[in-house]
$ cat structure.pdb   # PDB, C-alpha atoms
ATOM      1  CA  MET A   1     127.933 117.048  87.905
ATOM      2  CA  SER A   2     131.299 118.457  86.844
ATOM      3  CA  LEU A   3     131.972 121.846  85.316
ATOM      4  CA  LYS A   4     133.093 120.060  82.149
ATOM      5  CA  SER A   5     129.761 118.240  81.921
ATOM      6  CA  LEU A   6     127.806 121.461  82.359
ATOM      7  CA  LEU A   7     129.823 123.218  79.672
ATOM      8  CA  LEU A   8     129.285 120.321  77.275
ATOM      9  CA  VAL A   9     125.549 120.396  77.901
ATOM     10  CA  ALA A  10     125.449 124.164  77.420
ATOM     11  CA  ALA A  11     127.339 123.847  74.131
ATOM     12  CA  THR A  12     125.019 121.086  72.921
ATOM     13  CA  LEU A  13     121.935 123.145  73.760
ATOM     14  CA  GLY A  14     123.373 126.321  72.310
ATOM     15  CA  THR A  15     122.795 127.932  75.706
ATOM     16  CA  ALA A  16     125.251 130.244  77.364
ATOM     17  CA  LEU A  17     126.015 128.950  80.827
ATOM     18  CA  PRO A  18     125.607 131.794  83.337
ATOM     19  CA  ALA A  19     129.024 133.102  84.297
ATOM     20  CA  ALA A  20     128.347 132.614  87.978
ATOM     21  CA  ALA A  21     127.440 128.974  87.408
ATOM     22  CA  ALA A  22     130.717 128.336  85.603
ATOM     23  CA  GLU A  23     132.586 128.231  88.913
ATOM     24  CA  PRO A  24     130.411 126.285  91.319
ATOM     25  CA  ASP A  25     132.089 126.799  94.697
ATOM     26  CA  SER A  26     129.198 127.434  97.096
ATOM     27  CA  GLU A  27     129.275 125.580 100.357
ATOM     28  CA  ILE A  28     126.283 123.411 101.184
ATOM     29  CA  HIS A  29     125.167 123.520 104.802
ATOM     30  CA  TYR A  30     123.389 120.541 106.385
ATOM     31  CA  ARG A  31     120.972 121.641 109.093
ATOM     32  CA  THR A  32     117.811 120.738 110.972
ATOM     33  CA  ALA A  33     114.814 122.805 112.071
ATOM     34  CA  ASP A  34     112.315 121.789 114.734
ATOM     35  CA  ILE A  35     108.845 122.224 113.241
ATOM     36  CA  ARG A  36     106.160 121.177 115.737
ATOM     37  CA  GLY A  37     108.119 118.158 116.909
ATOM     38  CA  VAL A  38     109.366 117.193 113.447
ATOM     39  CA  ASN A  39     113.123 117.651 113.015
ATOM     40  CA  VAL A  40     113.287 118.704 109.387
ATOM     41  CA  PHE A  41     116.697 118.012 107.879
ATOM     42  CA  TYR A  42     117.615 120.319 105.005
ATOM     43  CA  ARG A  43     120.414 121.398 102.714
ATOM     44  CA  GLU A  44     121.011 125.102 102.203
ATOM     45  CA  ALA A  45     123.373 127.066  99.993
ATOM     46  CA  GLY A  46     123.697 130.369  98.209
ATOM     47  CA  PRO A  47     123.496 134.046  99.191
ATOM     48  CA  ALA A  48     120.982 134.774 101.942
ATOM     49  CA  ASP A  49     119.667 137.818 100.057
ATOM     50  CA  ALA A  50     119.248 136.074  96.692
ATOM     51  CA  PRO A  51     115.881 134.930  95.262
ATOM     52  CA  ALA A  52     114.886 131.688  96.967
ATOM     53  CA  VAL A  53     114.346 128.282  95.387
ATOM     54  CA  LEU A  54     112.733 125.435  97.350
ATOM     55  CA  LEU A  55     113.576 121.916  96.107
ATOM     56  CA  LEU A  56     111.043 119.205  96.981
ATOM     57  CA  HIS A  57     112.006 115.577  96.412
ATOM     58  CA  GLY A  58     109.697 112.606  95.938
ATOM     59  CA  PHE A  59     109.119 108.968  96.820
ATOM     60  CA  GLY A  60     112.196 106.765  96.951
ATOM     61  CA  ALA A  61     114.441 109.773  97.428
ATOM     62  CA  SER A  62     115.467 112.649  99.699
ATOM     63  CA  SER A  63     117.252 115.971  99.330
ATOM     64  CA  HIS A  64     120.255 113.841  98.331
ATOM     65  CA  MET A  65     118.811 113.786  94.802
ATOM     66  CA  PHE A  66     119.713 117.497  94.517
ATOM     67  CA  ARG A  67     123.358 117.038  95.556
ATOM     68  CA  ASP A  68     124.705 118.176  92.159
ATOM     69  CA  LEU A  69     122.008 120.714  91.316
ATOM     70  CA  ILE A  70     122.348 122.767  94.507
ATOM     71  CA  PRO A  71     125.918 124.078  93.932
ATOM     72  CA  VAL A  72     124.953 125.283  90.450
ATOM     73  CA  LEU A  73     121.765 127.069  91.496
ATOM     74  CA  ALA A  74     123.472 128.512  94.572
ATOM     75  CA  GLN A  75     125.651 130.781  92.454
ATOM     76  CA  ARG A  76     122.612 132.976  91.810
ATOM     77  CA  TYR A  77     119.938 131.751  94.204
ATOM     78  CA  ARG A  78     119.303 130.927  97.837
ATOM     79  CA  VAL A  79     118.608 127.193  97.637
ATOM     80  CA  ILE A  80     116.866 125.154 100.323
ATOM     81  CA  ALA A  81     116.098 121.437 100.017
ATOM     82  CA  PRO A  82     114.331 119.741 102.947
ATOM     83  CA  ASP A  83     113.797 116.037 103.507
ATOM     84  CA  LEU A  84     110.037 115.487 103.730
ATOM     85  CA  PRO A  85     108.648 113.798 106.876
ATOM     86  CA  GLY A  86     109.072 110.054 106.393
ATOM     87  CA  PHE A  87     112.158 110.428 104.214
ATOM     88  CA  GLY A  88     115.906 110.850 104.431
ATOM     89  CA  GLN A  89     117.206 112.380 107.641
ATOM     90  CA  THR A  90     113.997 114.050 108.821
ATOM     91  CA  THR A  91     112.705 112.519 112.051
ATOM     92  CA  VAL A  92     109.682 112.826 114.311
ATOM     93  CA  GLU A  93     110.385 113.362 118.007
ATOM     94  CA  PRO A  94     109.525 110.408 120.276
ATOM     95  CA  GLY A  95     106.039 110.816 121.676
ATOM     96  CA  VAL A  96     104.893 113.147 118.895
ATOM     97  CA  ALA A  97     101.898 111.755 117.012
ATOM     98  CA  PHE A  98     102.269 112.378 113.280
ATOM     99  CA  ASP A  99      99.805 111.112 110.689
ATOM    100  CA  TYR A 100     101.502 110.584 107.347
ATOM    101  CA  THR A 101      99.125 112.339 104.991
ATOM    102  CA  PHE A 102     100.001 114.815 102.269
ATOM    103  CA  ASP A 103      98.080 117.523 104.099
ATOM    104  CA  ASN A 104     100.253 117.021 107.187
ATOM    105  CA  VAL A 105     103.502 116.772 105.239
ATOM    106  CA  ALA A 106     102.654 119.988 103.366
ATOM    107  CA  SER A 107     101.697 121.699 106.632
ATOM    108  CA  VAL A 108     105.127 120.921 108.090
ATOM    109  CA  ILE A 109     106.922 122.169 104.973
ATOM    110  CA  ASP A 110     104.754 125.310 104.869
ATOM    111  CA  ALA A 111     105.690 126.064 108.496
ATOM    112  CA  PHE A 112     109.318 125.294 107.615
ATOM    113  CA  THR A 113     109.291 127.922 104.831
ATOM    114  CA  VAL A 114     107.941 130.466 107.321
ATOM    115  CA  ALA A 115     110.651 129.546 109.838
ATOM    116  CA  LYS A 116     113.262 130.050 107.108
ATOM    117  CA  GLY A 117     111.816 133.432 106.150
ATOM    118  CA  LEU A 118     110.800 132.406 102.629
ATOM    119  CA  ASP A 119     108.299 135.142 101.792
ATOM    120  CA  ARG A 120     108.607 134.485  98.057
ATOM    121  CA  TYR A 121     110.206 131.493  96.414
ATOM    122  CA  ALA A 122     110.339 129.318  93.325
ATOM    123  CA  ILE A 123     109.663 125.592  93.664
ATOM    124  CA  TYR A 124     111.197 122.546  91.987
ATOM    125  CA  VAL A 125     108.830 119.629  92.485
ATOM    126  CA  PHE A 126     109.341 115.952  91.747
ATOM    127  CA  ASP A 127     106.962 113.026  92.356
ATOM    128  CA  TYR A 128     105.628 113.342  95.962
ATOM    129  CA  GLY A 129     107.187 116.789  96.133
ATOM    130  CA  ALA A 130     104.586 117.916  93.602
ATOM    131  CA  PRO A 131     101.458 117.475  95.761
ATOM    132  CA  VAL A 132     103.361 119.086  98.627
ATOM    133  CA  GLY A 133     104.344 122.012  96.417
ATOM    134  CA  TRP A 134     100.849 122.261  94.948
ATOM    135  CA  ARG A 135      99.380 122.655  98.421
ATOM    136  CA  LEU A 136     101.894 125.400  99.203
ATOM    137  CA  ALA A 137     100.977 127.193  95.974
ATOM    138  CA  VAL A 138      97.211 126.968  96.470
ATOM    139  CA  ALA A 139      97.476 128.132 100.100
ATOM    140  CA  ASN A 140     100.041 130.892  99.401
ATOM    141  CA  PRO A 141      99.661 131.809  95.724
ATOM    142  CA  THR A 142     101.457 135.147  95.917
ATOM    143  CA  LYS A 143     104.552 133.531  97.438
ATOM    144  CA  ILE A 144     105.287 131.358  94.394
ATOM    145  CA  THR A 145     107.581 133.084  91.893
ATOM    146  CA  ALA A 146     108.050 130.175  89.470
ATOM    147  CA  ILE A 147     107.555 126.421  89.154
ATOM    148  CA  VAL A 148     109.867 123.733  87.797
ATOM    149  CA  SER A 149     108.151 120.352  87.633
ATOM    150  CA  GLN A 150     110.403 117.393  86.943
ATOM    151  CA  ASN A 151     107.960 114.508  86.605
ATOM    152  CA  GLY A 152     105.748 116.161  89.189
ATOM    153  CA  ASN A 153     102.224 115.329  88.103
ATOM    154  CA  ALA A 154      99.225 117.679  88.253
ATOM    155  CA  TYR A 155      96.697 116.112  85.856
ATOM    156  CA  GLU A 156      94.714 112.875  85.700
ATOM    157  CA  GLU A 157      95.979 112.110  82.201
ATOM    158  CA  GLY A 158      99.502 111.982  83.601
ATOM    159  CA  LEU A 159      98.727 108.900  85.703
ATOM    160  CA  SER A 160      99.718 105.676  83.954
ATOM    161  CA  ALA A 161      98.189 102.210  84.287
ATOM    162  CA  GLY A 162     100.889 101.595  86.908
ATOM    163  CA  TRP A 163      98.589 103.316  89.406
ATOM    164  CA  ALA A 164      95.909 100.610  89.136
ATOM    165  CA  ASP A 165      96.611  99.007  92.530
ATOM    166  CA  MET A 166      96.765 102.411  94.188
ATOM    167  CA  ARG A 167      93.458 103.460  92.628
ATOM    168  CA  LYS A 168      91.870 100.266  93.909
ATOM    169  CA  ALA A 169      93.154 100.968  97.412
ATOM    170  CA  TRP A 170      91.912 104.575  97.285
ATOM    171  CA  ALA A 171      88.435 103.414  96.313
ATOM    172  CA  GLU A 172      88.377 100.532  98.807
ATOM    173  CA  PRO A 173      90.938 101.084 101.604
ATOM    174  CA  THR A 174      90.707  97.549 102.952
ATOM    175  CA  ALA A 175      93.547  95.800 104.755
ATOM    176  CA  GLU A 176      94.008  93.533 101.734
ATOM    177  CA  ASN A 177      94.228  96.415  99.260
ATOM    178  CA  ARG A 178      96.620  98.273 101.535
ATOM    179  CA  GLU A 179      98.854  95.221 101.808
ATOM    180  CA  ALA A 180      99.033  94.968  98.016
ATOM    181  CA  LEU A 181     100.961  98.255  98.003
ATOM    182  CA  ARG A 182     103.756  97.001 100.257
ATOM    183  CA  ARG A 183     105.824  95.738  97.332
ATOM    184  CA  PHE A 184     106.423  99.311  96.142
ATOM    185  CA  ASN A 185     108.721  99.785  99.142
ATOM    186  CA  THR A 186     111.075  96.850  98.530
ATOM    187  CA  PRO A 187     114.712  97.518  97.555
ATOM    188  CA  ASP A 188     114.197  95.878  94.163
ATOM    189  CA  MET A 189     111.163  98.027  93.403
ATOM    190  CA  ILE A 190     112.920 101.205  94.522
ATOM    191  CA  LYS A 191     115.832 100.382  92.225
ATOM    192  CA  TRP A 192     113.444  99.620  89.353
ATOM    193  CA  GLN A 193     111.933 103.077  89.655
ATOM    194  CA  TYR A 194     115.413 104.526  89.103
ATOM    195  CA  THR A 195     116.333 102.300  86.174
ATOM    196  CA  GLU A 196     113.105 101.737  84.220
ATOM    197  CA  GLY A 197     113.082 103.690  80.971
ATOM    198  CA  VAL A 198     116.770 104.609  81.231
ATOM    199  CA  ARG A 199     118.899 103.981  78.148
ATOM    200  CA  ASP A 200     122.176 103.581  80.041
ATOM    201  CA  THR A 201     121.675 102.506  83.655
ATOM    202  CA  SER A 202     125.411 102.797  84.321
ATOM    203  CA  LEU A 203     124.776 106.544  84.636
ATOM    204  CA  ILE A 204     122.792 106.007  87.838
ATOM    205  CA  ALA A 205     124.790 106.128  91.061
ATOM    206  CA  PRO A 206     123.726 103.054  93.087
ATOM    207  CA  GLU A 207     123.854 104.922  96.397
ATOM    208  CA  SER A 208     120.803 106.903  95.253
ATOM    209  CA  TYR A 209     118.381 103.994  95.500
ATOM    210  CA  GLN A 210     120.382 102.303  98.265
ATOM    211  CA  LEU A 211     120.041 105.359 100.523
ATOM    212  CA  ALA A 212     116.322 105.534  99.777
ATOM    213  CA  SER A 213     115.859 101.887 100.734
ATOM    214  CA  ALA A 214     117.952 102.330 103.865
ATOM    215  CA  ALA A 215     115.760 105.253 104.947
ATOM    216  CA  ILE A 216     112.614 103.157 104.535
ATOM    217  CA  ALA A 217     114.191 100.390 106.613
ATOM    218  CA  ARG A 218     115.237 102.898 109.297
ATOM    219  CA  ILE A 219     112.018 104.941 109.483
ATOM    220  CA  GLY A 220     109.630 102.086 108.754
ATOM    221  CA  VAL A 221     107.428 100.989 105.880
ATOM    222  CA  GLU A 222     104.108 102.023 107.433
ATOM    223  CA  PRO A 223     104.557 105.794 106.853
ATOM    224  CA  GLN A 224     105.154 104.994 103.181
ATOM    225  CA  MET A 225     102.070 102.789 103.089
ATOM    226  CA  ASP A 226     100.028 105.610 104.624
ATOM    227  CA  LEU A 227     101.217 108.061 101.970
ATOM    228  CA  LEU A 228     100.520 105.649  99.107
ATOM    229  CA  LEU A 229      97.011 105.170 100.423
ATOM    230  CA  ASP A 230      96.540 108.932 100.803
ATOM    231  CA  TYR A 231      97.779 109.814  97.321
ATOM    232  CA  GLY A 232      94.199 109.809  96.051
ATOM    233  CA  SER A 233      93.649 113.020  98.035
ATOM    234  CA  ASN A 234      96.067 114.727  95.642
ATOM    235  CA  VAL A 235      93.999 113.784  92.618
ATOM    236  CA  ARG A 236      90.842 115.113  94.285
ATOM    237  CA  GLN A 237      92.564 118.450  94.791
ATOM    238  CA  TYR A 238      93.588 118.864  91.148
ATOM    239  CA  PRO A 239      90.650 121.226  90.362
ATOM    240  CA  GLN A 240      91.891 123.690  93.012
ATOM    241  CA  LEU A 241      95.383 123.507  91.560
ATOM    242  CA  HIS A 242      94.152 124.087  88.006
ATOM    243  CA  ALA A 243      92.234 127.140  89.217
ATOM    244  CA  PHE A 244      95.484 128.448  90.712
ATOM    245  CA  PHE A 245      97.267 127.929  87.378
ATOM    246  CA  ARG A 246      94.526 129.767  85.479
ATOM    247  CA  GLN A 247      94.314 132.709  87.865
ATOM    248  CA  TYR A 248      98.000 133.314  88.616
ATOM    249  CA  GLN A 249      99.728 131.970  85.470
ATOM    250  CA  PRO A 250     103.027 131.273  87.278
ATOM    251  CA  PRO A 251     106.092 130.862  85.060
ATOM    252  CA  THR A 252     106.288 127.072  84.714
ATOM    253  CA  LEU A 253     108.851 124.687  83.272
ATOM    254  CA  ALA A 254     107.771 121.050  83.014
ATOM    255  CA  ILE A 255     110.923 119.059  82.254
ATOM    256  CA  TRP A 256     110.015 115.396  82.002
ATOM    257  CA  GLY A 257     111.609 111.995  81.665
ATOM    258  CA  LYS A 258     109.356 110.780  78.850
ATOM    259  CA  ASN A 259     109.841 107.074  79.676
ATOM    260  CA  ASP A 260     108.492 107.442  83.224
ATOM    261  CA  PRO A 261     106.446 104.306  84.070
ATOM    262  CA  PHE A 262     104.176 106.256  86.447
ATOM    263  CA  PHE A 263     103.795 109.794  85.112
ATOM    264  CA  LEU A 264     103.099 109.997  81.390
ATOM    265  CA  PRO A 265     104.188 112.753  78.974
ATOM    266  CA  ALA A 266     100.526 113.754  78.646
ATOM    267  CA  GLY A 267     100.757 115.003  82.217
ATOM    268  CA  ALA A 268     103.521 117.413  81.219
ATOM    269  CA  ASP A 269     101.692 118.687  78.133
ATOM    270  CA  ALA A 270      98.567 119.266  80.232
ATOM    271  CA  PHE A 271     100.214 122.167  82.095
ATOM    272  CA  LYS A 272      99.726 124.277  78.965
ATOM    273  CA  ARG A 273      95.952 123.827  79.102
ATOM    274  CA  ASP A 274      95.529 125.966  82.214
ATOM    275  CA  ASN A 275      98.704 127.997  81.947
ATOM    276  CA  PRO A 276      99.726 129.159  78.457
ATOM    277  CA  ARG A 277     103.020 130.370  79.953
ATOM    278  CA  ALA A 278     104.061 126.805  80.723
ATOM    279  CA  GLU A 279     107.128 125.487  78.889
ATOM    280  CA  VAL A 280     107.410 121.738  78.316
ATOM    281  CA  ARG A 281     110.574 119.797  77.543
ATOM    282  CA  PHE A 282     111.043 116.040  77.308
ATOM    283  CA  LEU A 283     114.145 114.032  78.117
ATOM    284  CA  ASP A 284     114.877 110.527  76.851
ATOM    285  CA  THR A 285     115.011 108.924  80.271
ATOM    286  CA  GLY A 286     112.853 107.620  83.106
ATOM    287  CA  HIS A 287     111.254 108.791  86.344
ATOM    288  CA  PHE A 288     114.434 110.004  88.077
ATOM    289  CA  ALA A 289     115.499 112.188  85.168
ATOM    290  CA  ILE A 290     117.851 114.237  87.338
ATOM    291  CA  GLU A 291     120.025 111.150  87.898
ATOM    292  CA  THR A 292     120.802 110.751  84.180
ATOM    293  CA  HIS A 293     120.191 114.246  82.774
ATOM    294  CA  GLY A 294     121.184 116.426  85.718
ATOM    295  CA  GLY A 295     123.466 118.630  83.631
ATOM    296  CA  GLU A 296     120.777 119.439  81.091
ATOM    297  CA  ILE A 297     118.185 120.061  83.816
ATOM    298  CA  ALA A 298     120.591 122.425  85.604
ATOM    299  CA  VAL A 299     121.244 124.467  82.467
ATOM    300  CA  ARG A 300     117.570 124.618  81.484
ATOM    301  CA  MET A 301     116.548 125.538  85.021
ATOM    302  CA  MET A 302     119.151 128.299  85.371
ATOM    303  CA  GLU A 303     118.089 129.828  82.067
ATOM    304  CA  PHE A 304     114.398 129.579  83.052
ATOM    305  CA  LEU A 305     114.912 131.120  86.490
ATOM    306  CA  ASP A 306     117.121 133.907  85.131
ATOM    307  CA  ARG A 307     114.319 134.865  82.727
ATOM    308  CA  ASN A 308     111.492 134.689  85.250
ATOM    309  CA  VAL A 309     112.758 135.318  88.775
ATOM    310  CA  SER A 310     114.162 138.756  89.503
ATOM    311  CA  ARG A 311     115.949 140.029  92.577
TER
END
$ encode --input "structure.pdb" --output "structure tokens"
Amino acid sequence: MSLKSLLLVAATLGTALPAAAAEPDSEIHYRTADIRGVNVFYREAGPADAPAVLLLHGFGASSHMFRDLIPVLAQRYRVIAPDLPGFGQTTVEPGVAFDYTFDNVASVIDAFTVAKGLDRYAIYVFDYGAPVGWRLAVANPTKITAIVSQNGNAYEEGLSAGWADMRKAWAEPTAENREALRRFNTPDMIKWQYTEGVRDTSLIAPESYQLASAAIARIGVEPQMDLLLDYGSNVRQYPQLHAFFRQYQPPTLAIWGKNDPFFLPAGADAFKRDNPRAEVRFLDTGHFAIETHGGEIAVRMMEFLDRNVSR
């Protein structure tokens, strides 16, 4: 995401680009933290004393998806983007038993935030990053300063018909129903999730889905199968999340690729039902909106955070 692109987006939106963001020169550090035998890889940038922003990626991705967003946010914010267990460069130590459930993934990330001294932080959630972030918010409601959800679902009406096989497996977790989910982890299917609903697929860098597929091949498909089968636990926890929204009314920006084959626009609009402070914006793209509309997301997010997150 070049400076020229950001300025063009800002001009198109009629939004003044923050002066600090006009010269993105922050260094990104690539580090690991040992969290109970899980070596959590993460990217970190920005002033150590600035308000913190935690970026949580989703399925078929890693913290690599934030490669262009981080330098922009880091001009004003302390930005940390971990790879979730089962993804990217995060690894589990040999001999350490780790069950790939969303409860366990969220527990590791919660402990990671404590290790990094994140007493208060905003979250950007996408896809699988959403149920991880939602667990953090419900467990630590006073720590969450703001929420940006980019196709990070929180409502039943946001789940498309594309979840039919998963729903069947949740209801009847047989070996046959589990096996039916394996196709979601193939290179072709990973690529499809990047390109479906995108007007101009030449905007998508191929290494994005290639790196995601390579990570699945390196780490193994079974952790991904476990998480697909466990996704139903996220839906069952929606009532707790909605109660959090109603009680705490966190500043929320739902910025959504409206052509997402998995998470429907109705899921973005639904945030306003429990949280009148929620702002909803739609982008003419697919699931991985940040890959095609990263400049617009960066500008919108900076403006949102500057309004809602104070030092």
$ residues_near_point --input "structure.pdb" --point "(99.9, 112.3, 83.2)" --cutoff "7 Å" --atoms "all atoms listed in the file" --output "list in words"
Asn153, Tyr155, Glu156, Glu157, Gly158, Leu159, Ser160, Phe263, Leu264, Pro265, Ala266, Gly267 and Ala268 of chain A
$ resolve_selection --input "structure.pdb" --expression "the PyMOL selection byres ((chain A and resi 179) around 12)" --output "ChimeraX atom specification"
/A:165-166,168-169,173-178,180-185,221-222,224-226,228-229
$ residues_around --input "structure.pdb" --residues "Gly58 (chain A)" --least-positions-apart "5" --cutoff "7 Å" --atoms "only C-alpha atoms" --output "list in words"
Phe126, Asp127, Tyr128 and Gly129 of chain A
$ axis_aligned_box --input "structure.pdb" --around "region 102-114 of chain A" --padding-each-side "5 Å" --output "AutoDock Vina command-line options"
--center_x 103.7 --center_y 122.6 --center_z 105.4 --size_x 21.2 --size_y 25.7 --size_z 16.2
$ atom_distance --input "structure.pdb" --atom1 "CA of Ile80 (chain A)" --atom2 "CA of Ala45 (chain A)"
6.8 Å
